[in-house]
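To keep things clear, I will list the structure first and then write my remarks on it.
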Amino acid sequence: MKTRQARIGDKGRGNSLLRQDLAKTAPVATGKASVAQEAAGKNAPPSTAYIVVDSKKCSGCTSCMLACSLVNEGEQNLSLARIQITQTSFGRFPDDISIQQCRQCVVASCVEACPVNALFIDPENGNIRRIDRAKCKEYQIKSNGCQKCNEACSHRPHMSLWNHEKQIATKCDLCVDARYWGEKGGPEGKQACVEICPMKAIKLVKETPPQMGNQGYDVNLRNQHWGYIGLTTT
């Protein structure tokens, strides 16, 4: 994965500030399945919490990805991260980066697609969409890896991920089942990506975002101070 070198500031003004320079001065911020709820379609209750990001504020450091894979899978592996940063060496700010995180979709196609209800809506944890790892693993052995949840996810990269080493599907559950982290996760707890981001470009919100692409999920988390260093505040 290439490190992004795009310069930040007003186009045409020749500002030499790099995204990586922002991270140098930013403050560094230092989860068991329950009974599945069968309602999975349009009548399913929405999640009570969502992860939103600000791709214009992101420095591309991938700290969120490494933290995510570490607390959930026990290893720092970008491929296993449940939040994904995509960078391009040919793009210019602000189009040189995109961030994809699980939407906790109101109409969760991954939940609907699972043939054994291993993906479920968890009423005990704010209706988040999550995976029963034991049930998923059991079915993967029988089906030789169905991956129907991956196929059903409309986002790219898919936010229902496939762990090829453990032969199991994974997805963001807001760290409610982060087995390698000593913090309480879920809608009322902490999320590793939010805590680790040095740019404060990731946030947990309680209001349901618009369910149209990135609208409502890639938002403005900047304040007026970002304008002082040449970064757009709009």
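Residue names in the structure tokens use chain letters A, B, ... in the order shown, residue numbers from 1 in each chain, and ligand numbers from 1 in the order shown.
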So that I can check the secondary structure, give me every residue of stretch 18-228 of chain A assigned alpha helix (DSSP H) by backbone DSSP, as a VMD selection string. chain A and resid 19 to 25 63 to 73 109 to 113 133 to 143 148 to 152 192 to 196
Please dump the current selection as a tab-separated table (two decimals), in the first residue's frame; keep C-alpha atoms.
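Output below, filename part29.tsv:
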```tsv
chain	number	residue	atom	x	y	z
A	19	ARG	CA	-0.93	15.06	4.73
A	20	GLN	CA	1.83	13.28	6.61
A	21	ASP	CA	2.94	16.60	8.12
A	22	LEU	CA	-0.46	17.00	9.75
A	23	ALA	CA	-0.05	13.75	11.66
A	24	LYS	CA	3.26	14.91	13.12
A	25	THR	CA	1.61	17.63	15.18
A	63	SER	CA	-3.28	3.42	12.27
A	64	CYS	CA	-7.02	2.68	12.36
A	65	MET	CA	-6.55	-0.40	10.16
A	66	LEU	CA	-3.69	-1.78	12.23
A	67	ALA	CA	-5.54	-1.16	15.50
A	68	CYS	CA	-8.69	-2.79	14.15
A	69	SER	CA	-6.96	-6.00	13.06
A	70	LEU	CA	-4.93	-6.13	16.28
A	71	VAL	CA	-7.86	-5.89	18.71
A	72	ASN	CA	-10.12	-8.18	16.68
A	73	GLU	CA	-7.74	-10.73	15.14
A	109	SER	CA	-28.01	-7.21	2.76
A	110	CYS	CA	-25.25	-9.25	4.44
A	111	VAL	CA	-27.64	-10.29	7.20
A	112	GLU	CA	-30.33	-11.18	4.69
A	113	ALA	CA	-27.88	-13.23	2.60
A	133	ARG	CA	-18.22	-16.51	14.70
A	134	ALA	CA	-18.87	-20.06	15.94
A	135	LYS	CA	-21.96	-20.50	13.78
A	136	CYS	CA	-20.19	-18.99	10.78
A	137	LYS	CA	-17.15	-21.22	11.21
A	138	GLU	CA	-19.29	-24.34	11.53
A	139	TYR	CA	-21.13	-23.57	8.29
A	140	GLN	CA	-17.96	-22.64	6.39
A	141	ILE	CA	-16.58	-26.12	7.11
A	142	LYS	CA	-19.73	-27.71	5.70
A	143	SER	CA	-20.05	-25.40	2.69
A	148	LYS	CA	-22.51	-15.03	0.61
A	149	CYS	CA	-22.28	-12.06	2.96
A	150	ASN	CA	-19.28	-10.77	1.04
A	151	GLU	CA	-21.11	-11.12	-2.24
A	152	ALA	CA	-24.17	-9.33	-0.84
A	192	ALA	CA	-10.25	1.04	18.49
A	193	CYS	CA	-10.25	3.02	15.24
A	194	VAL	CA	-11.82	6.05	16.91
A	195	GLU	CA	-9.43	5.91	19.85
A	196	ILE	CA	-6.24	5.51	17.80
```
Using backbone DSSP assignments, extract all strand (DSSP E or B) residues from stretch 86-135 of chain A; output them as a PyMOL selection string. chain A and resi 86-87+97-101+119-122+128-131
Restricted to N, CA and C atoms, what would the selected residues look like written as a PDB file, in the first residue's frame?
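Output (out_3.pdb):
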```pdb
ATOM      1  N   THR A  86      -8.178   3.458   1.159  1.00  0.00           N
ATOM      2  CA  THR A  86      -7.690   3.252  -0.201  1.00  0.00           C
ATOM      3  C   THR A  86      -7.017   4.527  -0.672  1.00  0.00           C
ATOM      4  N   GLN A  87      -5.769   4.403  -1.117  1.00  0.00           N
ATOM      5  CA  GLN A  87      -5.003   5.568  -1.549  1.00  0.00           C
ATOM      6  C   GLN A  87      -4.575   5.413  -2.997  1.00  0.00           C
ATOM      7  N   ILE A  97      -7.723   9.893  -1.607  1.00  0.00           N
ATOM      8  CA  ILE A  97      -7.975   8.893  -0.558  1.00  0.00           C
ATOM      9  C   ILE A  97      -9.469   8.649  -0.406  1.00  0.00           C
ATOM     10  N   SER A  98      -9.807   7.436  -0.051  1.00  0.00           N
ATOM     11  CA  SER A  98     -11.187   7.123   0.327  1.00  0.00           C
ATOM     12  C   SER A  98     -11.148   6.162   1.503  1.00  0.00           C
ATOM     13  N   ILE A  99     -12.141   6.248   2.344  1.00  0.00           N
ATOM     14  CA  ILE A  99     -12.226   5.385   3.522  1.00  0.00           C
ATOM     15  C   ILE A  99     -13.534   4.617   3.456  1.00  0.00           C
ATOM     16  N   GLN A 100     -13.457   3.317   3.634  1.00  0.00           N
ATOM     17  CA  GLN A 100     -14.663   2.490   3.667  1.00  0.00           C
ATOM     18  C   GLN A 100     -14.769   1.823   5.027  1.00  0.00           C
ATOM     19  N   GLN A 101     -15.905   2.019   5.668  1.00  0.00           N
ATOM     20  CA  GLN A 101     -16.190   1.388   6.937  1.00  0.00           C
ATOM     21  C   GLN A 101     -17.580   0.755   6.865  1.00  0.00           C
ATOM     22  N   LEU A 119     -24.971 -14.136  10.593  1.00  0.00           N
ATOM     23  CA  LEU A 119     -25.039 -12.688  10.693  1.00  0.00           C
ATOM     24  C   LEU A 119     -26.404 -12.322  11.254  1.00  0.00           C
ATOM     25  N   PHE A 120     -26.381 -11.487  12.265  1.00  0.00           N
ATOM     26  CA  PHE A 120     -27.642 -11.192  12.942  1.00  0.00           C
ATOM     27  C   PHE A 120     -27.664  -9.775  13.488  1.00  0.00           C
ATOM     28  N   ILE A 121     -28.845  -9.338  13.830  1.00  0.00           N
ATOM     29  CA  ILE A 121     -29.031  -8.033  14.453  1.00  0.00           C
ATOM     30  C   ILE A 121     -29.140  -8.249  15.951  1.00  0.00           C
ATOM     31  N   ASP A 122     -28.269  -7.611  16.696  1.00  0.00           N
ATOM     32  CA  ASP A 122     -28.105  -7.878  18.120  1.00  0.00           C
ATOM     33  C   ASP A 122     -28.845  -6.847  18.976  1.00  0.00           C
ATOM     34  N   ILE A 128     -26.777  -3.592  16.574  1.00  0.00           N
ATOM     35  CA  ILE A 128     -25.686  -3.622  15.611  1.00  0.00           C
ATOM     36  C   ILE A 128     -25.736  -4.916  14.819  1.00  0.00           C
ATOM     37  N   ARG A 129     -25.264  -4.834  13.591  1.00  0.00           N
ATOM     38  CA  ARG A 129     -25.205  -5.997  12.713  1.00  0.00           C
ATOM     39  C   ARG A 129     -23.863  -6.679  12.951  1.00  0.00           C
ATOM     40  N   ARG A 130     -23.882  -7.942  13.375  1.00  0.00           N
ATOM     41  CA  ARG A 130     -22.645  -8.620  13.744  1.00  0.00           C
ATOM     42  C   ARG A 130     -22.675 -10.093  13.354  1.00  0.00           C
ATOM     43  N   ILE A 131     -21.574 -10.782  13.609  1.00  0.00           N
ATOM     44  CA  ILE A 131     -21.426 -12.179  13.198  1.00  0.00           C
ATOM     45  C   ILE A 131     -21.239 -13.084  14.403  1.00  0.00           C
TER      46      ILE A 131
END
```
With distances taken over only C-alpha atoms, which of A:Asp218, A:Glu124, A:Glu207, A:Asp132 is nearest to A:Ile168?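 Residue with the minimum atom-to-atom distance to A:Ile168: A:Asp132.
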What lies within 8 Å of stretch 41-52 of chain A using only C-alpha atoms, ignoring chain neighbours under 5 positions off, as a short mmCIF file (atom, residue, chain, number, x, y, z; two decimals) with C-alpha atoms, in the first residue's frame?
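Saved file around-v6.cif follows:
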```cif
data_model
loop_
_atom_site.label_atom_id
_atom_site.label_comp_id
_atom_site.auth_asym_id
_atom_site.auth_seq_id
_atom_site.Cartn_x
_atom_site.Cartn_y
_atom_site.Cartn_z
CA GLN A 101 -16.19 1.39 6.94
CA CYS A 102 -19.15 -0.88 7.71
CA ARG A 103 -22.33 1.17 7.39
CA GLN A 104 -24.38 -0.87 9.87
CA CYS A 105 -26.93 -0.62 7.06
CA VAL A 106 -30.59 -0.15 7.95
CA VAL A 107 -31.42 -2.77 5.33
CA ALA A 108 -28.50 -5.13 5.91
CA SER A 109 -28.01 -7.21 2.76
CA GLU A 112 -30.33 -11.18 4.69
CA GLY A 126 -27.95 -1.52 20.17
CA ASN A 127 -29.16 -3.52 17.15
CA ILE A 128 -25.69 -3.62 15.61
CA ARG A 129 -25.20 -6.00 12.71
CA LEU A 174 -18.14 -1.55 16.88
CA PRO A 187 -22.58 1.57 20.95
CA ILE A 202 -13.18 8.88 12.79
CA LYS A 203 -16.19 9.31 15.07
CA LEU A 204 -19.05 7.29 16.58
CA VAL A 205 -22.46 8.90 16.08
CA LYS A 206 -25.93 7.90 17.24
CA GLU A 207 -28.04 9.39 14.45
CA THR A 208 -28.73 7.17 11.43
CA PRO A 209 -26.89 8.58 8.38
CA GLY A 216 -23.69 10.85 5.74
CA TYR A 217 -20.77 8.46 6.32
CA ASP A 218 -17.95 10.63 4.96
CA VAL A 219 -18.58 13.89 6.80
#
```
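Nearest to A:Gly60 of all the residues A:Pro115, A:Gly185, A:Pro157, A:Pro94 is A:Pro94, based on only C-alpha atoms.
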Mind checking which residues fall within 12 Å of A:Gly182, counting only C-alpha atoms, ignoring those fewer than 5 positions away in the same chain, and posting them as number ranges by chain? A: 31, 71-72, 175-177, 189-192
